[in-house]
file work.cif (mmCIF, C-alpha atoms)
data_final
loop_
_atom_site.label_atom_id
_atom_site.label_comp_id
_atom_site.auth_asym_id
_atom_site.auth_seq_id
_atom_site.Cartn_x
_atom_site.Cartn_y
_atom_site.Cartn_z
CA MET A 347 32.89 44.08 -32.86
CA ARG A 348 32.86 47.28 -34.79
CA SER A 349 30.71 49.45 -32.67
CA SER A 350 30.03 48.56 -29.09
CA SER A 351 27.81 51.40 -27.94
CA ARG A 352 25.01 50.91 -30.48
CA SER A 353 25.59 47.29 -31.09
CA TRP A 354 22.04 45.98 -31.67
CA SER A 355 21.16 48.58 -34.20
CA CYS A 356 24.52 48.73 -35.83
CA SER A 357 24.09 51.10 -38.70
CA SER A 358 26.81 49.63 -40.85
CA LEU A 359 24.83 46.39 -41.14
CA ASN A 360 21.66 47.87 -42.47
CA ASP A 361 22.99 46.85 -45.82
CA PRO A 362 22.70 43.07 -45.95
CA GLY A 363 25.10 42.78 -48.84
CA GLU A 364 27.84 44.21 -46.74
CA ALA A 365 26.93 42.01 -43.81
CA ARG A 366 27.24 38.83 -45.79
CA ASP A 367 30.79 39.75 -46.55
CA PRO A 368 32.80 38.63 -43.52
CA HIS A 369 35.02 41.32 -42.13
CA ALA A 370 38.40 40.45 -40.81
CA LEU A 371 37.35 40.56 -37.16
CA ASN A 372 34.07 38.83 -37.78
CA ALA A 373 35.73 36.03 -39.63
CA ALA A 374 38.10 35.50 -36.73
CA MET A 375 35.23 34.70 -34.39
CA PRO A 376 31.73 35.10 -35.85
CA GLN A 377 30.19 34.63 -32.39
CA LEU A 378 31.58 38.03 -31.40
CA ASP A 379 29.96 39.86 -34.30
CA VAL A 380 27.57 42.01 -32.32
CA SER A 381 25.59 42.98 -35.40
CA THR A 382 24.21 39.46 -35.65
CA TYR A 383 22.93 39.46 -32.07
CA LEU A 384 19.64 41.20 -32.63
CA PRO A 385 18.40 39.04 -35.52
CA GLN A 386 19.46 35.92 -33.60
CA LEU A 387 17.78 37.01 -30.39
CA PHE A 388 14.65 38.12 -32.21
CA TRP A 389 14.22 34.82 -34.00
CA LEU A 390 15.20 32.85 -30.91
CA ALA A 391 12.44 34.60 -28.99
CA VAL A 392 9.90 34.09 -31.77
CA THR A 393 10.70 30.44 -32.41
CA PHE A 394 11.11 29.49 -28.76
CA PHE A 395 7.85 31.16 -27.81
CA ALA A 396 6.14 29.37 -30.69
CA LEU A 397 7.69 26.10 -29.57
CA TYR A 398 6.55 26.67 -25.99
CA LEU A 399 2.98 27.38 -27.05
CA LEU A 400 2.92 24.41 -29.44
CA MET A 401 4.28 22.10 -26.75
CA LYS A 402 2.07 23.37 -23.94
CA PHE A 403 -1.23 23.47 -25.80
CA VAL A 404 -0.91 20.96 -28.62
CA ALA A 405 1.89 18.43 -28.45
CA LEU A 406 2.28 17.59 -24.77
CA PRO A 407 -1.45 17.11 -24.04
CA GLN A 408 -1.65 14.82 -27.05
CA VAL A 409 1.39 12.74 -26.12
CA GLY A 410 0.27 12.67 -22.50
CA ALA A 411 -3.17 11.50 -23.59
CA ALA A 412 -1.64 8.73 -25.69
CA ILE A 413 0.46 7.56 -22.75
CA ALA A 414 -2.47 7.85 -20.33
CA ALA A 415 -4.70 5.94 -22.74
CA ARG A 416 -2.20 3.10 -22.89
CA ARG A 417 -1.73 3.12 -19.13
CA GLY A 418 -5.50 3.09 -18.64
CA ARG A 419 -5.90 0.27 -21.11
CA ILE A 420 -3.18 -1.77 -19.42
CA GLU A 421 -4.72 -1.22 -16.00
CA GLU A 422 -8.13 -2.15 -17.40
CA ASP A 423 -6.70 -5.31 -18.91
CA LEU A 424 -4.92 -6.17 -15.69
CA ALA A 425 -8.13 -5.65 -13.72
CA ALA A 426 -10.04 -7.79 -16.22
CA ALA A 427 -7.37 -10.46 -15.99
CA ALA A 428 -7.52 -10.36 -12.19
CA SER A 429 -11.30 -10.71 -12.17
CA LEU A 430 -11.11 -13.54 -14.70
CA LYS A 431 -8.51 -15.23 -12.55
CA SER A 432 -10.65 -14.96 -9.44
CA GLU A 433 -13.61 -16.26 -11.44
CA ALA A 434 -11.52 -19.18 -12.61
CA GLN A 435 -10.45 -19.84 -9.04
CA THR A 436 -14.06 -19.76 -7.88
CA ALA A 437 -14.99 -22.17 -10.66
CA LEU A 438 -12.09 -24.42 -9.75
CA ALA A 439 -13.11 -24.40 -6.10
CA ALA A 440 -16.71 -25.23 -7.05
CA TYR A 441 -15.51 -28.01 -9.31
CA GLU A 442 -13.31 -29.46 -6.63
CA LYS A 443 -16.13 -29.24 -4.12
CA SER A 444 -18.56 -31.03 -6.38
CA LEU A 445 -15.88 -33.55 -7.24
CA ALA A 446 -15.31 -34.25 -3.56
CA ALA A 447 -19.05 -34.52 -2.97
CA ALA A 448 -19.42 -36.95 -5.86
CA ARG A 449 -16.50 -38.97 -4.60
CA SER A 450 -17.87 -39.22 -1.08
CA GLU A 451 -21.30 -40.10 -2.50
CA ALA A 452 -19.78 -42.79 -4.61
CA GLN A 453 -17.91 -44.16 -1.63
CA ALA A 454 -21.12 -44.14 0.40
CA LEU A 455 -22.86 -46.03 -2.39
CA ILE A 456 -20.02 -48.53 -2.60
CA ARG A 457 -20.04 -49.04 1.13
CA GLU A 458 -23.80 -49.44 1.19
CA GLY A 459 -23.70 -51.87 -1.71
CA ALA A 460 -20.98 -53.87 -0.11
CA GLU A 461 -22.84 -54.01 3.17
CA ARG A 462 -26.03 -55.04 1.43
CA LEU A 463 -24.23 -57.74 -0.52
CA ALA A 464 -22.48 -58.96 2.57
CA ALA A 465 -25.77 -59.12 4.46
CA GLU A 466 -27.39 -60.98 1.57
CA ALA A 467 -24.51 -63.39 1.36
CA ALA A 468 -24.62 -64.00 5.08
CA GLU A 469 -28.36 -64.58 4.90
CA ARG A 470 -28.01 -67.04 2.06
CA HIS A 471 -25.14 -68.73 3.82
CA ARG A 472 -27.22 -69.08 6.92
CA GLU A 473 -30.21 -70.45 4.94
CA LEU A 474 -28.04 -72.88 3.11
CA ALA A 475 -26.42 -74.05 6.32
CA GLN A 476 -29.82 -74.52 7.91
CA ARG A 477 -31.15 -76.44 4.96
CA LEU A 478 -28.06 -78.60 4.87
CA ALA A 479 -28.36 -79.24 8.57
CA GLU A 480 -32.02 -80.20 8.10
CA GLU A 481 -31.20 -82.46 5.21
CA ALA A 482 -28.37 -84.04 7.18
CA ALA A 483 -30.70 -84.60 10.10
CA ALA A 484 -33.32 -86.14 7.83
CA GLY A 485 -30.71 -88.38 6.29
CA GLU A 486 -29.48 -89.52 9.67
CA ARG A 487 -33.01 -90.31 10.72
CA GLU A 488 -33.55 -92.35 7.57
CA ILE A 489 -30.30 -94.22 8.14
CA ALA A 490 -31.28 -94.97 11.70
CA ALA A 491 -34.65 -96.31 10.57
CA ALA A 492 -33.05 -98.43 7.89
CA LYS A 493 -30.59 -99.79 10.39
CA GLU A 494 -33.32 -100.73 12.76
CA ARG A 495 -35.25 -102.35 9.97
CA ALA A 496 -32.21 -104.26 8.89
CA LEU A 497 -31.48 -105.47 12.43
CA ALA A 498 -35.03 -106.65 12.75
CA GLU A 499 -34.78 -108.52 9.47
CA ILE A 500 -31.54 -110.22 10.53
CA GLY A 501 -33.39 -112.09 13.32
CA SER A 502 -35.67 -113.86 10.85
CA LEU A 503 -33.02 -114.58 8.34
CA ALA A 504 -30.59 -116.24 10.73
CA PRO A 505 -32.01 -119.83 10.79
CA ASP A 506 -32.22 -120.03 6.98
CA LEU A 507 -28.72 -118.83 6.73
CA ALA A 508 -27.46 -121.37 9.23
CA ARG A 509 -29.08 -124.25 7.34
CA THR A 510 -27.69 -123.15 4.05
CA VAL A 511 -24.23 -123.00 5.60
CA VAL A 512 -24.49 -126.53 7.06
CA GLU A 513 -25.82 -127.97 3.76
CA LYS A 514 -22.93 -126.45 1.90
CA LEU A 515 -20.47 -127.90 4.46
CA THR A 516 -21.97 -131.37 4.81
CA GLY A 517 -23.30 -131.89 1.37
CA SER A 518 -26.49 -133.37 2.69
CA LEU A 519 -29.72 -131.92 2.85
CA LEU A 520 -30.76 -131.40 6.28
CA SER A 521 -34.29 -131.52 7.11
CA ALA A 522 -35.81 -128.71 8.60
CA PRO A 523 -34.97 -128.39 12.26
CA GLY A 524 -38.48 -129.46 12.85
CA ALA A 525 -38.04 -132.52 10.58
CA ALA A 526 -34.63 -133.42 12.03
CA ALA A 527 -35.98 -133.34 15.43
CA GLU A 528 -38.69 -135.82 14.23
CA MET B 44 32.98 26.73 -48.04
CA SER B 45 35.53 28.98 -46.52
CA ALA B 46 38.85 27.55 -45.50
CA SER B 47 38.60 28.96 -42.00
CA PRO B 48 37.30 26.45 -39.45
CA LEU B 49 35.35 29.30 -37.88
CA ALA B 50 33.53 30.18 -41.11
CA GLN B 51 30.86 27.61 -40.23
CA PHE B 52 29.66 29.90 -37.44
CA LEU B 53 29.00 32.84 -39.77
CA ILE B 54 25.52 34.31 -39.70
CA THR B 55 24.14 34.80 -43.21
CA ARG B 56 21.15 37.02 -43.79
CA LEU B 57 18.84 35.03 -46.04
CA ILE B 58 15.93 37.50 -46.00
CA PRO B 59 16.96 40.97 -44.82
CA LEU B 60 14.27 42.42 -42.55
CA HIS B 61 14.18 45.62 -40.57
CA ILE B 62 11.77 47.15 -38.11
CA GLY B 63 12.70 50.80 -38.04
CA ARG B 64 16.45 50.70 -37.69
CA TYR B 65 16.44 47.35 -35.92
CA ASP B 66 17.81 44.44 -37.89
CA ILE B 67 15.64 41.33 -37.57
CA SER B 68 16.80 39.62 -40.76
CA PHE B 69 15.85 36.02 -41.33
CA THR B 70 19.28 34.37 -41.16
CA ASN B 71 20.60 30.84 -41.51
CA ALA B 72 20.28 30.61 -37.71
CA SER B 73 16.63 31.68 -37.95
CA LEU B 74 16.07 29.03 -40.61
CA LEU B 75 17.52 26.35 -38.37
CA MET B 76 15.46 27.55 -35.40
CA THR B 77 12.33 27.32 -37.52
CA ILE B 78 13.27 23.84 -38.70
CA ILE B 79 13.93 22.82 -35.08
CA VAL B 80 10.48 23.97 -33.96
CA ALA B 81 8.83 22.36 -36.99
CA LEU B 82 10.63 19.03 -36.48
CA ILE B 83 9.89 18.84 -32.76
CA THR B 84 6.23 19.65 -33.34
CA LEU B 85 6.01 17.19 -36.21
CA LEU B 86 7.66 14.44 -34.18
CA LEU B 87 5.33 14.87 -31.24
CA VAL B 88 2.05 15.75 -32.94
CA ALA B 89 2.10 13.66 -36.10
CA THR B 90 3.11 10.45 -34.34
CA THR B 91 0.50 10.67 -31.60
CA ARG B 92 -2.43 12.03 -33.63
CA ARG B 93 -3.74 8.53 -34.11
CA ALA B 94 -1.81 7.01 -31.27
CA ALA B 95 -1.38 3.28 -31.58
CA LEU B 96 -1.71 1.13 -28.51
CA VAL B 97 1.57 -0.53 -29.41
CA PRO B 98 3.69 2.46 -30.48
CA GLY B 99 5.82 2.49 -33.60
CA ARG B 100 9.39 3.77 -33.60
CA LEU B 101 8.68 7.48 -33.92
CA GLN B 102 5.77 7.34 -31.51
CA SER B 103 8.10 5.61 -29.06
CA VAL B 104 10.62 8.42 -29.49
CA ALA B 105 7.92 11.00 -28.81
CA GLU B 106 6.63 9.17 -25.75
CA LEU B 107 10.11 8.41 -24.44
CA SER B 108 11.14 12.07 -24.66
CA TYR B 109 7.92 13.04 -22.87
CA GLU B 110 8.41 10.54 -20.09
CA PHE B 111 12.14 11.26 -19.83
CA VAL B 112 11.60 14.97 -19.22
CA ALA B 113 8.52 14.35 -17.07
CA GLY B 114 10.59 12.02 -14.90
CA MET B 115 13.43 14.53 -14.73
CA VAL B 116 11.08 17.32 -13.63
CA ARG B 117 9.32 15.08 -11.12
CA ASP B 118 12.54 13.75 -9.60
CA THR B 119 14.34 17.10 -9.46
CA ILE B 120 11.65 19.66 -8.63
CA GLY B 121 8.98 17.45 -7.12
CA SER B 122 5.24 17.76 -7.45
CA GLU B 123 5.38 21.58 -7.66
CA GLY B 124 7.41 21.18 -10.83
CA GLU B 125 4.48 20.01 -12.90
CA GLN B 126 3.60 23.52 -14.07
CA TYR B 127 7.15 23.99 -15.37
CA PHE B 128 7.13 20.75 -17.34
CA PRO B 129 6.17 22.33 -20.71
CA LEU B 130 8.93 24.90 -20.29
CA VAL B 131 11.64 22.40 -19.33
CA PHE B 132 10.47 20.13 -22.13
CA SER B 133 10.66 22.99 -24.66
CA ILE B 134 14.16 23.93 -23.48
CA PHE B 135 15.40 20.35 -23.57
CA MET B 136 13.98 19.60 -27.00
CA PHE B 137 15.12 22.94 -28.45
CA VAL B 138 18.70 22.51 -27.27
CA LEU B 139 18.74 18.82 -28.19
CA PHE B 140 17.49 19.42 -31.73
CA ALA B 141 19.76 22.44 -32.16
CA ASN B 142 22.77 20.35 -31.15
CA LEU B 143 21.79 17.34 -33.26
CA LEU B 144 20.79 19.27 -36.37
CA GLY B 145 24.09 21.12 -36.14
CA LEU B 146 25.78 17.79 -36.82
CA VAL B 147 24.06 17.44 -40.18
CA PRO B 148 26.62 18.44 -42.81
CA TYR B 149 26.12 21.93 -44.30
CA SER B 150 23.55 22.83 -41.67
CA TYR B 151 24.12 25.33 -38.88
CA THR B 152 24.51 24.98 -35.13
CA VAL B 153 22.22 27.45 -33.38
CA THR B 154 23.76 26.68 -29.98
CA SER B 155 27.28 27.46 -31.16
CA GLN B 156 26.41 31.16 -30.82
CA VAL B 157 27.13 32.43 -27.35
CA VAL B 158 24.39 35.02 -27.61
CA VAL B 159 21.78 32.30 -28.11
CA THR B 160 22.94 30.15 -25.20
CA PHE B 161 23.34 33.20 -22.99
CA ALA B 162 19.85 34.38 -23.83
CA LEU B 163 18.47 30.96 -22.94
CA ALA B 164 20.49 30.88 -19.71
CA ILE B 165 19.47 34.40 -18.68
CA PHE B 166 15.88 33.47 -19.41
CA VAL B 167 16.13 30.35 -17.23
CA VAL B 168 17.90 32.00 -14.31
CA GLY B 169 15.72 35.10 -14.56
CA LEU B 170 12.60 32.97 -14.52
CA ALA B 171 13.87 30.99 -11.53
CA THR B 172 14.64 34.21 -9.67
CA LEU B 173 11.19 35.56 -10.48
CA VAL B 174 9.56 32.35 -9.25
CA GLY B 175 11.57 32.56 -6.04
CA LEU B 176 10.70 36.19 -5.46
CA LEU B 177 7.00 35.65 -6.10
CA ARG B 178 6.88 32.59 -3.85
CA HIS B 179 8.95 33.80 -0.93
CA ARG B 180 8.93 37.62 -1.26
CA PHE B 181 11.83 39.04 0.76
CA HIS B 182 12.48 35.70 2.37
CA PHE B 183 13.99 34.72 -0.97
CA PHE B 184 17.15 36.64 -0.07
CA SER B 185 17.82 34.21 2.78
CA PHE B 186 18.94 31.99 -0.08
CA PHE B 187 22.24 33.89 -0.02
CA PHE B 188 22.92 32.97 3.58
CA PRO B 189 22.86 29.23 4.27
CA PRO B 190 20.82 28.42 7.40
CA GLY B 191 22.88 27.32 10.39
CA ALA B 192 26.03 29.12 9.31
CA PRO B 193 27.68 31.28 11.99
CA ILE B 194 26.64 34.91 11.67
CA LEU B 195 30.27 35.99 11.78
CA LEU B 196 30.83 34.38 8.41
CA ALA B 197 28.07 36.43 6.81
CA PRO B 198 30.39 39.08 5.34
CA ILE B 199 32.24 36.34 3.49
CA LEU B 200 29.42 33.90 2.74
CA ILE B 201 26.89 36.35 1.37
CA PRO B 202 29.16 37.83 -1.35
CA VAL B 203 30.30 34.33 -2.29
CA GLU B 204 26.71 33.12 -2.58
CA ILE B 205 25.71 36.17 -4.60
CA ILE B 206 28.65 35.75 -6.96
CA SER B 207 27.90 32.06 -7.42
CA TYR B 208 24.26 32.89 -8.08
CA LEU B 209 25.17 35.54 -10.63
CA SER B 210 27.61 33.22 -12.35
CA ARG B 211 24.86 30.68 -12.99
CA PRO B 212 23.77 32.12 -16.35
CA VAL B 213 27.42 32.50 -17.35
CA SER B 214 28.37 28.92 -16.60
CA LEU B 215 25.11 27.57 -17.98
CA SER B 216 25.52 29.38 -21.29
CA LEU B 217 29.28 29.01 -21.69
CA ARG B 218 29.15 25.27 -21.03
CA LEU B 219 26.78 24.67 -23.93
CA PHE B 220 28.32 27.23 -26.25
CA ALA B 221 31.91 26.11 -25.66
CA ASN B 222 31.07 22.45 -26.10
CA MET B 223 29.32 23.06 -29.38
CA MET B 224 31.86 25.47 -30.76
CA ALA B 225 34.89 23.43 -29.74
CA GLY B 226 33.57 20.21 -31.23
CA HIS B 227 32.57 21.77 -34.52
CA THR B 228 35.80 23.75 -34.82
CA MET B 229 37.88 20.68 -34.11
CA MET B 230 36.09 18.68 -36.78
CA ALA B 231 36.60 21.48 -39.29
CA VAL B 232 40.29 21.71 -38.40
CA PHE B 233 40.75 17.97 -38.83
CA ALA B 234 38.86 18.09 -42.11
CA GLY B 235 41.30 20.77 -43.26
CA PHE B 236 44.18 18.32 -42.72
CA VAL B 237 42.73 15.73 -45.07
CA VAL B 238 43.95 17.29 -48.29
CA ALA B 239 47.12 18.69 -46.75
CA LEU B 240 48.32 15.28 -45.60
CA GLY B 241 47.99 13.69 -49.04
CA PHE B 242 48.20 9.92 -48.73
CA PHE B 243 47.90 10.05 -44.95
CA GLY B 244 44.73 12.06 -45.32
CA PHE B 245 42.69 9.05 -44.20
CA LEU B 246 43.99 9.55 -40.65
CA PRO B 247 42.04 12.78 -39.98
CA ILE B 248 39.02 11.19 -41.66
CA VAL B 249 39.16 8.33 -39.16
CA ALA B 250 39.66 10.81 -36.34
CA ASN B 251 36.69 12.83 -37.55
CA ALA B 252 34.48 9.77 -37.72
CA ALA B 253 35.33 9.00 -34.10
CA MET B 254 34.86 12.63 -33.16
CA TYR B 255 31.49 12.68 -34.84
CA ALA B 256 30.34 9.85 -32.59
CA LEU B 257 31.66 11.74 -29.59
CA GLU B 258 29.88 14.89 -30.75
CA LEU B 259 26.60 13.00 -30.95
CA VAL B 260 27.02 12.00 -27.30
CA ILE B 261 27.96 15.55 -26.35
CA ALA B 262 24.94 16.94 -28.22
CA VAL B 263 22.56 14.80 -26.16
CA LEU B 264 24.51 15.19 -22.94
CA GLN B 265 24.64 18.98 -23.12
CA ALA B 266 20.91 19.19 -23.79
CA TYR B 267 20.38 16.98 -20.74
CA VAL B 268 22.73 19.08 -18.61
CA PHE B 269 21.01 22.28 -19.68
CA ALA B 270 17.58 20.85 -18.87
CA ILE B 271 18.54 19.37 -15.51
CA LEU B 272 20.26 22.59 -14.41
CA THR B 273 17.08 24.42 -15.35
CA CYS B 274 15.21 22.01 -13.07
CA LEU B 275 17.75 22.51 -10.26
CA TYR B 276 17.52 26.28 -10.44
CA LEU B 277 13.74 26.09 -10.33
CA TYR B 278 14.01 23.71 -7.38
CA ASP B 279 16.25 26.19 -5.56
CA ALA B 280 13.77 28.97 -6.26
CA ILE B 281 10.85 26.94 -4.95
CA HIS B 282 12.48 25.32 -1.93
CA LEU B 283 15.36 27.72 -1.02
CA HIS B 284 18.11 25.25 -0.11
#
call {"tool": "encode", "arguments": {"input": "work.cif", "output": "structure tokens"}}
result
Amino acid sequence: MRSSSRSWSCSSLNDPGEARDPHALNAAMPQLDVSTYLPQLFWLAVTFFALYLLMKFVALPQVGAAIAARRGRIEEDLAAAASLKSEAQTALAAYEKSLAAARSEAQALIREGAERLAAEAAERHRELAQRLAEEAAAGEREIAAAKERALAEIGSLAPDLARTVVEKLTGSLLSAPGAAAE
Amino acid sequence: MSASPLAQFLITRLIPLHIGRYDISFTNASLLMTIIVALITLLLVATTRRAALVPGRLQSVAELSYEFVAGMVRDTIGSEGEQYFPLVFSIFMFVLFANLLGLVPYSYTVTSQVVVTFALAIFVVGLATLVGLLRHRFHFFSFFFPPGAPILLAPILIPVEIISYLSRPVSLSLRLFANMMAGHTMMAVFAGFVVALGFFGFLPIVANAAMYALELVIAVLQAYVFAILTCLYLYDAIHLH
């Protein structure tokens, strides 16, 4: 605030020792000490330009690459996961298909077996019934023959039986009907 | 330490340097600026040199700051803003680190100097104006007359628009400078009360602790405001309204 016309090259501040010593006005508000403007602006320009170059050509590409690498990796992983999922779904579908095929095959086998068994059982049942019917018929024939035989035998047995009955009732021996008639 | 709360803003020449009769001494502000650049570069480069797939804390900070500014540039300027991303990023990080490092005790706040903030603001607005002129040639000056406004209002509107455009660097620089200076001065004033109040000296300490938290928020917020206004000015230059 000492000299306004030649502020940035203020001659009084060429001596650093004097500058370090705060003057009354400078101490009141150091921001208004024009003699400090040039060194501040110079170093601001130098450091900011350096920062800009460092950011543009070194730091930001590197950070951007790190972020892009992660993003790429995540997308890759997601794609891999999606393909694995679709593979798993394909495998599941194939499994379910083969399971259904096996189930229907098994049912066909069961049905076939049951039909075969039923047919066999029916056949056996029929055979058995036929044989039983034959045996029953044979039996009936035998019975009929025996009956006839028995009836025929009864005719010859009747006189003997009658005599025996009379003897038992009368207590005397009857002569034979031929003898009695004599 | 000087008793004056403004003594913290003093520029001290650490290494006196001159080119001819021009004073370019390496001062405490220069030291802080160098530290700022070194810290930002270290944070970004060292943490991502061997970038881990799952980032650690510092790598997260580096990547978050990158994506934060990238998102800000993309949302504010649009796809044309990509070429300005390194610049906006540099401005944001520089102001942010200047504000935050200023809060370290016994350090120095680069952005509490109005000449620094004004230089940054002039640079930003000048660059935006240059971009606008190069993109739109003379059509750029239609920026000072909003489309659709009645022509009769031109004598009023055009000076108003020009004044508001010219006040951009002023408001941009004063906002940052005043925030930084006010906060730091207030903390120094409160700190000065500690001894004076004797037993009740703990009250300004408590107040300062609270203020320090507030200053941290302001440090980040002002860096954000500075960066987003830079984006807005560039947007205006590219799109003209």
call {"tool": "interface_residues", "arguments": {"input": "work.cif", "of": "chain A", "to": "chain B", "cutoff": "6 Å", "atoms": "only C-alpha atoms", "output": "list in words"}}
result
Ser355, Arg366, Pro376, Gln377, Pro385, Trp389, Leu397, Tyr398, Lys402, Ala405, Val409, Ala412 and Arg416 of chain A
call {"tool": "resolve_selection", "arguments": {"input": "work.cif", "expression": "the PyMOL selection byres ((chain B and resi 281) around 12)", "output": "number ranges by chain"}}
result
B: 119-124, 127, 170-180, 182-183, 186, 274-280, 282-284
call {"tool": "residues_around", "arguments": {"input": "work.cif", "residues": "stretch 251-259 of chain B", "least_positions_apart": "6", "cutoff": "7 Å", "atoms": "all atoms listed in the file", "output": "MDAnalysis selection string"}}
result
chainID B and resid 143 226 230 233
call {"tool": "residues_around", "arguments": {"input": "work.cif", "residues": "B:Glu204", "least_positions_apart": "6", "cutoff": "12 Å", "atoms": "all atoms listed in the file", "output": "NGL selection string"}}
result
:B and (184-189 or 196-198 or 210-211 or 284)
call {"tool": "atom_distance", "arguments": {"input": "work.cif", "atom1": "atom CA of B:Gly244", "atom2": "atom CA of B:Gly145"}}
result
24.3 Å
call {"tool": "atom_distance", "arguments": {"input": "work.cif", "atom1": "atom CA of B:Leu144", "atom2": "atom CA of B:Val260"}}
result
13.2 Å
call {"tool": "closest_residue", "arguments": {"input": "work.cif", "among": "A:Gln386, A:Gln408, A:Ser502, A:Thr510", "to": "B:Phe161", "atoms": "only C-alpha atoms"}}
result
A:Gln386
call {"tool": "atom_distance", "arguments": {"input": "work.cif", "atom1": "atom CA of B:Asn222", "atom2": "atom CA of B:Ala262"}}
result
8.5 Å
call {"tool": "axis_aligned_box", "arguments": {"input": "work.cif", "around": "stretch 70-73 of chain B", "padding_each_side": "8 Å", "output": "AutoDock Vina command-line options"}}
result
--center_x 18.6 --center_y 32.5 --center_z -39.6 --size_x 20.0 --size_y 19.8 --size_z 19.8
call {"tool": "decode", "arguments": {"input": "work.cif", "residues": "stretch 372-386 of chain A", "atoms": "N, CA and C atoms", "output": "PDB file, in the first residue's frame"}}
result
ATOM      1  N   ASN A 372       0.674  -2.639   6.450  1.00  0.00           N
ATOM      2  CA  ASN A 372       0.674  -4.036   6.040  1.00  0.00           C
ATOM      3  C   ASN A 372       0.103  -4.929   7.125  1.00  0.00           C
ATOM      4  N   ALA A 373       0.465  -4.631   8.333  1.00  0.00           N
ATOM      5  CA  ALA A 373      -0.010  -5.438   9.444  1.00  0.00           C
ATOM      6  C   ALA A 373      -1.520  -5.314   9.599  1.00  0.00           C
ATOM      7  N   ALA A 374      -2.061  -4.154   9.237  1.00  0.00           N
ATOM      8  CA  ALA A 374      -3.499  -3.978   9.362  1.00  0.00           C
ATOM      9  C   ALA A 374      -4.235  -4.957   8.458  1.00  0.00           C
ATOM     10  N   MET A 375      -3.759  -5.115   7.242  1.00  0.00           N
ATOM     11  CA  MET A 375      -4.407  -6.042   6.320  1.00  0.00           C
ATOM     12  C   MET A 375      -3.354  -6.524   5.325  1.00  0.00           C
ATOM     13  N   PRO A 376      -2.704  -7.634   5.636  1.00  0.00           N
ATOM     14  CA  PRO A 376      -1.584  -8.090   4.794  1.00  0.00           C
ATOM     15  C   PRO A 376      -2.010  -8.355   3.346  1.00  0.00           C
ATOM     16  N   GLN A 377      -3.307  -8.636   3.141  1.00  0.00           N
ATOM     17  CA  GLN A 377      -3.765  -8.918   1.771  1.00  0.00           C
ATOM     18  C   GLN A 377      -3.640  -7.702   0.865  1.00  0.00           C
ATOM     19  N   LEU A 378      -3.545  -6.503   1.481  1.00  0.00           N
ATOM     20  CA  LEU A 378      -3.474  -5.298   0.666  1.00  0.00           C
ATOM     21  C   LEU A 378      -2.039  -4.836   0.443  1.00  0.00           C
ATOM     22  N   ASP A 379      -1.081  -5.622   0.928  1.00  0.00           N
ATOM     23  CA  ASP A 379       0.322  -5.288   0.712  1.00  0.00           C
ATOM     24  C   ASP A 379       0.690  -5.645  -0.720  1.00  0.00           C
ATOM     25  N   VAL A 380       0.722  -4.598  -1.556  1.00  0.00           N
ATOM     26  CA  VAL A 380       0.906  -4.816  -2.988  1.00  0.00           C
ATOM     27  C   VAL A 380       2.270  -5.440  -3.292  1.00  0.00           C
ATOM     28  N   SER A 381       3.230  -5.221  -2.433  1.00  0.00           N
ATOM     29  CA  SER A 381       4.576  -5.721  -2.717  1.00  0.00           C
ATOM     30  C   SER A 381       4.624  -7.247  -2.699  1.00  0.00           C
ATOM     31  N   THR A 382       3.643  -7.866  -2.068  1.00  0.00           N
ATOM     32  CA  THR A 382       3.657  -9.329  -2.032  1.00  0.00           C
ATOM     33  C   THR A 382       2.944  -9.940  -3.241  1.00  0.00           C
ATOM     34  N   TYR A 383       2.331  -9.085  -4.066  1.00  0.00           N
ATOM     35  CA  TYR A 383       1.502  -9.618  -5.148  1.00  0.00           C
ATOM     36  C   TYR A 383       2.335 -10.361  -6.187  1.00  0.00           C
ATOM     37  N   LEU A 384       3.435  -9.756  -6.589  1.00  0.00           N
ATOM     38  CA  LEU A 384       4.208 -10.376  -7.665  1.00  0.00           C
ATOM     39  C   LEU A 384       4.754 -11.744  -7.270  1.00  0.00           C
ATOM     40  N   PRO A 385       5.420 -11.874  -6.108  1.00  0.00           N
ATOM     41  CA  PRO A 385       5.894 -13.219  -5.752  1.00  0.00           C
ATOM     42  C   PRO A 385       4.747 -14.229  -5.648  1.00  0.00           C
ATOM     43  N   GLN A 386       3.597 -13.781  -5.113  1.00  0.00           N
ATOM     44  CA  GLN A 386       2.461 -14.714  -5.010  1.00  0.00           C
ATOM     45  C   GLN A 386       1.975 -15.141  -6.379  1.00  0.00           C
TER      46      GLN A 386
END
